[in-house]
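The block underneath contains the structure these notes are about, expressed in structure tokens.
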Amino acid sequence: MLIHRHRQILTNALHLRHFSQSAAAAVLQDPLEPPPLTYLEGFPRPDPKFAEIIRAIPRTISGKNISAKERKVGRVPSIVFEQEDGQHGGNKRLISVKTNQIRKLVNHLGRSFFLSRLFDLEVGPDFESNEVIEKVRVLPRKLHLHAGTDAVLNVTFIRAPSHALLKVDVPLVFRGEDVSPGLKKGAYLNTIKRTVKYLCPADIIPPYIDVDLSELDAGQKIVMGDLKVHPALKLLRSKDEPVCKIMGTRVSDQRKSK
């Protein structure tokens with residue numbers, strides 16, 4: 001009895017010591033640890049209107065027949081990966097998500113914008129239950145649509161914890177066409193890239209990048225190195241690669257003017 005009581009006291013003491021150390025670690029921040037990254041003023045940030053939780057259920061097996069059955073009952077077969085080197089890697093988890101929810105998000109955001117936005121993913125035993133088995137922040141990595149109907153066939157997600165660096169094809173949004181000197185002269189915009197790949201800290205993935213055309217004259221171009229982004233983003237292509245160019249008037253327009 002005394003031995004048992006002594007063991008219990010020792011166990012409690014060790015537990016209290018561990019708790020105290022954990023609490024101290026939580027309160028005291030390493031002065032050498034950099035502060036968390038945040039979106040900078042003047043740069044695009046995710047619209048909270050689309051901050052939706054994607055609900056999912058576990059899936060134990062995969063295959064064409066299983067995937068077809070999932071689609072017939074209104075579910076999209078999906079996979080969640082751990083990120084490795086900024087892309088999907090290990091710790092694969094099979095899940096299914098609701099077809100209607102994914103279709104709605106893709107239709108509202110657009111395909112490339114859906115693939116550059118973080119979502120909270122909640123996995124439960126079934127869609128009717130309020131129980132949450134796992135909640136994780138994810139980035140949609142791949143979206144497979146039916147070629148003829150645009151029906152969602154499958155989605156691949158990648159886990160996106162704060163410390164993660166993720167390779168993202170960030171969409172470009174072109175602005176200033178109405179005041180561009182070249183376009184006002186009758187030239188036209190040759191769009192060469194609609195997305196640009198960056199290595200992004202998960203906390204500051206841009207929903208899109210603004211491309212300013214307001215001062216672009218005929219014959220001038222914008223290259224990837226000209227794009228204004230958060231300094232923590234790393235361009236994964238050549239900075240001299242063109243994004244767009246103001247070209248001379250179209251041949252059809254020249255013929256009309258004669």
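Letters A, B, ... go to the chains of the structure tokens in the order shown; residues in each chain start at 1; ligands are counted from 1 in the same order.
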### Task
Taking the DSSP assignment computed from this structure's backbone, write out as a PyMOL selection string all residues of region 105-173 of chain A that belong to strand (DSSP E).
chain A and resi 119-123+134-145+152-159+165-173
#### Entry: Surrounding residues of region 98-101 of chain A excluding itself and chain neighbours under 3 positions, 9 Å, only C-alpha atoms, as a PyMOL selection string
chain A and resi 54-56+71+74-76+104-106+127+151-153
For the selection you just gave me, I'd like the residues written to a file as a compact mmCIF listing (two decimals), in the first residue's frame, keeping N, CA and C atoms.
# COMPACT_ATOMS: atom_id res chain seq x y z
N ILE A 54 -14.75 22.69 -45.56
CA ILE A 54 -15.07 21.56 -46.43
C ILE A 54 -15.25 20.33 -45.55
N ARG A 55 -16.41 19.69 -45.65
CA ARG A 55 -16.71 18.51 -44.84
C ARG A 55 -16.37 17.25 -45.62
N ALA A 56 -15.85 16.25 -44.90
CA ALA A 56 -15.40 15.02 -45.54
C ALA A 56 -15.68 13.83 -44.64
N ARG A 71 -19.31 8.71 -56.73
CA ARG A 71 -19.88 9.79 -57.55
C ARG A 71 -21.39 9.62 -57.73
N GLY A 74 -23.34 11.19 -54.94
CA GLY A 74 -23.11 12.61 -54.68
C GLY A 74 -21.85 12.93 -53.90
N ARG A 75 -20.86 12.03 -53.98
CA ARG A 75 -19.60 12.28 -53.28
C ARG A 75 -18.43 12.27 -54.27
N VAL A 76 -17.41 13.05 -53.95
CA VAL A 76 -16.21 13.13 -54.79
C VAL A 76 -15.07 12.40 -54.09
N LYS A 104 -19.93 24.06 -56.01
CA LYS A 104 -20.30 25.44 -55.68
C LYS A 104 -19.06 26.32 -55.50
N LEU A 105 -18.05 25.81 -54.79
CA LEU A 105 -16.83 26.59 -54.57
C LEU A 105 -16.08 26.85 -55.87
N VAL A 106 -16.00 25.82 -56.72
CA VAL A 106 -15.30 25.98 -58.00
C VAL A 106 -16.04 26.97 -58.90
N PHE A 127 -21.68 12.37 -42.96
CA PHE A 127 -22.05 13.77 -43.19
C PHE A 127 -23.17 14.26 -42.28
N ALA A 151 -18.11 18.06 -64.70
CA ALA A 151 -18.43 17.45 -63.40
C ALA A 151 -17.15 17.18 -62.63
N VAL A 152 -17.19 17.37 -61.32
CA VAL A 152 -15.99 17.15 -60.49
C VAL A 152 -15.79 15.65 -60.32
N LEU A 153 -14.63 15.14 -60.77
CA LEU A 153 -14.35 13.71 -60.69
C LEU A 153 -13.53 13.36 -59.46
### Message
Give me the residues near Tyr188 (chain A) as a PyMOL selection string, where near means some atom within 7 Å (using only C-alpha atoms) and where sequence neighbours in that chain fewer than 4 positions away do not count.
### Response
chain A and resi 183+246-249
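Each of A:Ile95, A:Phe119, A:Val170, A:Asp203 was compared to Leu227 (chain A) using only C-alpha atoms, and A:Val170 turns out to be the nearest.
Here CA of Leu235 (chain A) stands at a distance of 27.8 Å from CA of Gly182 (chain A).
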### Query
What residues in region 141-230 of chain A get the DSSP label alpha helix (DSSP H)? Please answer as a VMD selection string.
chain A and resid 181 to 184
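Considering only C-alpha atoms, the residue among A:Ile102, A:Val173, A:Ala68, A:Ile79 positioned nearest to Glu52 (chain A) is A:Ile102.
Among the candidate residues A:Pro58, A:Pro36, A:Gly225, A:Gly42, the one lying nearest to Ile133 (chain A) is A:Pro58, with distances computed using only C-alpha atoms.
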Please provide the set of residues having any atom within 10 Å of region 213-218 of chain A, restricted to only C-alpha atoms, with same-chain residues fewer than 2 positions apart removed, written as a JSON list (two decimals) with N, CA, C and O atoms, in the first residue's frame.
[["chain", "number", "residue", "atom", "x", "y", "z"],
["A", 174, "PHE", "N", -5.52, 40.90, -64.41],
["A", 174, "PHE", "CA", -5.03, 42.03, -65.18],
["A", 174, "PHE", "C", -5.94, 43.24, -64.96],
["A", 174, "PHE", "O", -7.15, 43.17, -65.13],
["A", 175, "ARG", "N", -5.33, 44.37, -64.59],
["A", 175, "ARG", "CA", -6.08, 45.59, -64.30],
["A", 175, "ARG", "C", -5.47, 46.77, -65.07],
["A", 175, "ARG", "O", -4.28, 46.77, -65.38],
["A", 176, "GLY", "N", -6.30, 47.77, -65.33],
["A", 176, "GLY", "CA", -5.82, 49.00, -65.97],
["A", 176, "GLY", "C", -5.91, 48.99, -67.48],
["A", 176, "GLY", "O", -5.32, 49.87, -68.14],
["A", 177, "GLU", "N", -6.66, 48.03, -68.05],
["A", 177, "GLU", "CA", -6.78, 47.98, -69.51],
["A", 177, "GLU", "C", -7.40, 49.28, -70.06],
["A", 177, "GLU", "O", -7.04, 49.73, -71.15],
["A", 178, "ASP", "N", -8.32, 49.87, -69.28],
["A", 178, "ASP", "CA", -9.06, 51.04, -69.77],
["A", 178, "ASP", "C", -8.19, 52.29, -69.89],
["A", 178, "ASP", "O", -8.55, 53.23, -70.62],
["A", 179, "VAL", "N", -7.05, 52.31, -69.18],
["A", 179, "VAL", "CA", -6.18, 53.49, -69.23],
["A", 179, "VAL", "C", -4.81, 53.19, -69.84],
["A", 179, "VAL", "O", -3.96, 54.07, -69.91],
["A", 180, "SER", "N", -4.59, 51.97, -70.27],
["A", 180, "SER", "CA", -3.31, 51.61, -70.87],
["A", 180, "SER", "C", -3.07, 52.42, -72.14],
["A", 180, "SER", "O", -3.91, 52.40, -73.05],
["A", 181, "PRO", "N", -1.96, 53.15, -72.24],
["A", 181, "PRO", "CA", -1.69, 53.97, -73.44],
["A", 181, "PRO", "C", -1.70, 53.13, -74.72],
["A", 181, "PRO", "O", -2.25, 53.56, -75.74],
["A", 182, "GLY", "N", -1.10, 51.94, -74.65],
["A", 182, "GLY", "CA", -1.04, 51.09, -75.84],
["A", 182, "GLY", "C", -2.40, 50.60, -76.28],
["A", 182, "GLY", "O", -2.73, 50.62, -77.47],
["A", 183, "LEU", "N", -3.22, 50.19, -75.32],
["A", 183, "LEU", "CA", -4.55, 49.69, -75.66],
["A", 183, "LEU", "C", -5.45, 50.82, -76.15],
["A", 183, "LEU", "O", -6.31, 50.60, -77.03],
["A", 184, "LYS", "N", -5.26, 52.03, -75.64],
["A", 184, "LYS", "CA", -6.06, 53.16, -76.09],
["A", 184, "LYS", "C", -5.70, 53.56, -77.52],
["A", 184, "LYS", "O", -6.51, 54.18, -78.22],
["A", 185, "LYS", "N", -4.50, 53.18, -77.97],
["A", 185, "LYS", "CA", -4.09, 53.48, -79.34],
["A", 185, "LYS", "C", -4.60, 52.44, -80.33],
["A", 185, "LYS", "O", -4.36, 52.55, -81.53],
["A", 186, "GLY", "N", -5.26, 51.39, -79.82],
["A", 186, "GLY", "CA", -5.77, 50.36, -80.72],
["A", 186, "GLY", "C", -4.99, 49.07, -80.70],
["A", 186, "GLY", "O", -5.32, 48.13, -81.43],
["A", 187, "ALA", "N", -3.92, 49.01, -79.88],
["A", 187, "ALA", "CA", -3.17, 47.76, -79.75],
["A", 187, "ALA", "C", -3.99, 46.77, -78.92],
["A", 187, "ALA", "O", -5.06, 47.10, -78.41],
["A", 188, "TYR", "N", -3.51, 45.53, -78.81],
["A", 188, "TYR", "CA", -4.25, 44.53, -78.04],
["A", 188, "TYR", "C", -3.32, 43.83, -77.06],
["A", 188, "TYR", "O", -2.09, 43.83, -77.22],
["A", 189, "LEU", "N", -3.93, 43.23, -76.04],
["A", 189, "LEU", "CA", -3.17, 42.56, -74.98],
["A", 189, "LEU", "C", -2.96, 41.09, -75.35],
["A", 189, "LEU", "O", -3.93, 40.36, -75.56],
["A", 210, "ASP", "N", -2.12, 40.95, -58.71],
["A", 210, "ASP", "CA", -2.54, 42.02, -59.60],
["A", 210, "ASP", "C", -1.44, 42.32, -60.63],
["A", 210, "ASP", "O", -0.25, 42.43, -60.27],
["A", 211, "VAL", "N", -1.83, 42.45, -61.89],
["A", 211, "VAL", "CA", -0.92, 42.84, -62.97],
["A", 211, "VAL", "C", -1.38, 44.19, -63.48],
["A", 211, "VAL", "O", -2.47, 44.30, -64.06],
["A", 220, "GLN", "N", 5.46, 47.15, -75.31],
["A", 220, "GLN", "CA", 6.02, 46.90, -73.98],
["A", 220, "GLN", "C", 5.42, 45.62, -73.38],
["A", 220, "GLN", "O", 4.33, 45.19, -73.75],
["A", 221, "LYS", "N", 6.16, 45.03, -72.44],
["A", 221, "LYS", "CA", 5.71, 43.78, -71.82],
["A", 221, "LYS", "C", 5.95, 43.81, -70.33],
["A", 221, "LYS", "O", 6.71, 44.65, -69.82],
["A", 222, "ILE", "N", 5.33, 42.89, -69.65],
["A", 222, "ILE", "CA", 5.55, 42.67, -68.22],
["A", 222, "ILE", "C", 6.12, 41.27, -68.07],
["A", 222, "ILE", "O", 5.59, 40.30, -68.63],
["A", 244, "CYS", "N", 2.81, 39.10, -70.13],
["A", 244, "CYS", "CA", 1.92, 39.65, -71.14],
["A", 244, "CYS", "C", 2.67, 40.72, -71.94],
["A", 244, "CYS", "O", 3.73, 41.19, -71.52],
["A", 245, "LYS", "N", 2.09, 41.07, -73.08],
["A", 245, "LYS", "CA", 2.71, 42.09, -73.93],
["A", 245, "LYS", "C", 1.62, 42.84, -74.68],
["A", 245, "LYS", "O", 0.62, 42.25, -75.11],
["A", 246, "ILE", "N", 1.82, 44.17, -74.84],
["A", 246, "ILE", "CA", 0.91, 44.97, -75.65],
["A", 246, "ILE", "C", 1.39, 44.90, -77.09],
["A", 246, "ILE", "O", 2.47, 45.37, -77.42],
["A", 247, "MET", "N", 0.58, 44.25, -77.92],
["A", 247, "MET", "CA", 0.95, 44.03, -79.31],
["A", 247, "MET", "C", 0.35, 45.10, -80.21],
["A", 247, "MET", "O", -0.59, 45.81, -79.83],
["A", 248, "GLY", "N", 0.85, 45.19, -81.46],
["A", 248, "GLY", "CA", 0.30, 46.13, -82.44],
["A", 248, "GLY", "C", -1.13, 45.76, -82.80],
["A", 248, "GLY", "O", -1.65, 44.72, -82.39],
["A", 249, "THR", "N", -1.78, 46.62, -83.56],
["A", 249, "THR", "CA", -3.17, 46.37, -83.91],
["A", 249, "THR", "C", -3.31, 45.07, -84.68],
["A", 249, "THR", "O", -2.42, 44.67, -85.45]]
### Message
Under the rule that only C-alpha atoms are counted, which of A:Met224, A:Val196, A:Leu94, A:Leu115 is the nearest residue to Thr60 (chain A)?
### Response
A:Leu94
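Here CA of Val132 (chain A) stands at a distance of 27.6 Å from CA of Pro207 (chain A).
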### Which residue of A:Asp169, A:Val80, A:Ile192, A:Leu233 approaches Glu134 (chain A) most closely, using only C-alpha atoms
A:Val80
Distance query Ile205 (chain A) at most 9 Å, only C-alpha atoms, self and fewer than 5 positions along chain excluded, as a CSV table (one decimal) with all heavy atoms, in the first residue's frame:
chain,number,residue,atom,x,y,z
A,39,TYR,N,-0.3,38.9,-44.2
A,39,TYR,CA,-0.5,39.6,-45.4
A,39,TYR,C,-0.2,41.1,-45.2
A,39,TYR,O,-0.5,41.7,-44.2
A,39,TYR,CB,-2.0,39.5,-45.9
A,39,TYR,CG,-2.3,38.1,-46.3
A,39,TYR,CD1,-3.0,37.2,-45.5
A,39,TYR,CD2,-2.0,37.7,-47.6
A,39,TYR,CE1,-3.3,35.9,-45.9
A,39,TYR,CE2,-2.4,36.4,-48.1
A,39,TYR,CZ,-3.0,35.5,-47.2
A,39,TYR,OH,-3.3,34.3,-47.6
A,45,ARG,N,-5.6,39.6,-50.4
A,45,ARG,CA,-5.7,38.7,-49.3
A,45,ARG,C,-7.0,37.9,-49.6
A,45,ARG,O,-7.9,38.4,-50.2
A,45,ARG,CB,-5.7,39.3,-47.9
A,45,ARG,CG,-6.8,40.3,-47.7
A,45,ARG,CD,-6.6,41.0,-46.3
A,45,ARG,NE,-5.4,41.7,-46.2
A,45,ARG,CZ,-4.7,42.0,-45.1
A,45,ARG,NH1,-5.2,41.5,-43.9
A,45,ARG,NH2,-3.6,42.7,-45.0
A,46,PRO,N,-7.2,36.7,-49.0
A,46,PRO,CA,-8.4,35.9,-49.3
A,46,PRO,C,-9.7,36.6,-48.8
A,46,PRO,O,-9.7,37.2,-47.8
A,46,PRO,CB,-8.2,34.6,-48.5
A,46,PRO,CG,-6.7,34.5,-48.3
A,46,PRO,CD,-6.2,36.0,-48.2
A,116,SER,N,-5.8,28.0,-55.3
A,116,SER,CA,-4.8,28.9,-54.7
A,116,SER,C,-5.4,29.4,-53.3
A,116,SER,O,-4.9,30.4,-52.8
A,116,SER,CB,-4.4,30.1,-55.6
A,116,SER,OG,-5.5,30.9,-55.8
A,117,ARG,N,-6.4,28.7,-52.8
A,117,ARG,CA,-7.0,29.2,-51.6
A,117,ARG,C,-7.0,28.1,-50.5
A,117,ARG,O,-7.2,26.9,-50.8
A,117,ARG,CB,-8.5,29.6,-51.8
A,117,ARG,CG,-9.1,30.1,-50.6
A,117,ARG,CD,-10.6,30.5,-50.8
A,117,ARG,NE,-11.1,30.9,-49.5
A,117,ARG,CZ,-11.2,32.2,-49.1
A,117,ARG,NH1,-10.8,33.2,-50.0
A,117,ARG,NH2,-11.6,32.6,-47.9
A,118,LEU,N,-6.7,28.5,-49.3
A,118,LEU,CA,-6.7,27.5,-48.1
A,118,LEU,C,-8.1,27.3,-47.6
A,118,LEU,O,-8.9,28.2,-47.6
A,118,LEU,CB,-5.8,28.0,-47.0
A,118,LEU,CG,-4.3,28.2,-47.3
A,118,LEU,CD1,-3.6,28.8,-46.1
A,118,LEU,CD2,-3.7,26.8,-47.6
A,166,LEU,N,4.7,25.9,-49.7
A,166,LEU,CA,3.9,25.2,-50.7
A,166,LEU,C,4.1,25.8,-52.0
A,166,LEU,O,4.1,27.0,-52.2
A,166,LEU,CB,2.4,25.2,-50.3
A,166,LEU,CG,2.1,24.6,-48.9
A,166,LEU,CD1,0.6,24.8,-48.7
A,166,LEU,CD2,2.4,23.2,-48.8
A,168,VAL,N,2.6,26.9,-55.3
A,168,VAL,CA,1.3,27.3,-55.7
A,168,VAL,C,1.3,28.0,-57.1
A,168,VAL,O,2.1,28.9,-57.3
A,168,VAL,CB,0.7,28.2,-54.7
A,168,VAL,CG1,-0.8,28.5,-55.0
A,168,VAL,CG2,0.7,27.6,-53.3
A,170,VAL,N,-0.3,30.7,-58.7
A,170,VAL,CA,-1.1,31.8,-58.3
A,170,VAL,C,-1.7,32.5,-59.5
A,170,VAL,O,-1.0,32.8,-60.5
A,170,VAL,CB,-0.3,32.8,-57.5
A,170,VAL,CG1,-1.2,33.9,-57.0
A,170,VAL,CG2,0.4,32.1,-56.3
A,199,LEU,N,6.9,29.6,-54.5
A,199,LEU,CA,7.0,28.8,-53.3
A,199,LEU,C,6.5,29.8,-52.2
A,199,LEU,O,7.1,30.8,-51.9
A,199,LEU,CB,8.4,28.4,-53.0
A,199,LEU,CG,8.6,27.5,-51.8
A,199,LEU,CD1,8.0,26.1,-52.0
A,199,LEU,CD2,10.1,27.3,-51.6
A,200,CYS,N,5.4,29.4,-51.5
A,200,CYS,CA,4.7,30.3,-50.6
A,200,CYS,C,4.6,29.8,-49.2
A,200,CYS,O,4.3,28.6,-49.0
A,200,CYS,CB,3.2,30.5,-51.1
A,200,CYS,SG,3.0,31.1,-52.8
A,233,LEU,N,7.6,35.4,-50.7
A,233,LEU,CA,7.3,34.5,-51.8
A,233,LEU,C,8.5,34.3,-52.7
A,233,LEU,O,9.2,35.3,-53.0
A,233,LEU,CB,6.1,35.0,-52.6
A,233,LEU,CG,4.7,34.5,-52.2
A,233,LEU,CD1,4.4,35.0,-50.8
A,233,LEU,CD2,3.7,35.1,-53.2
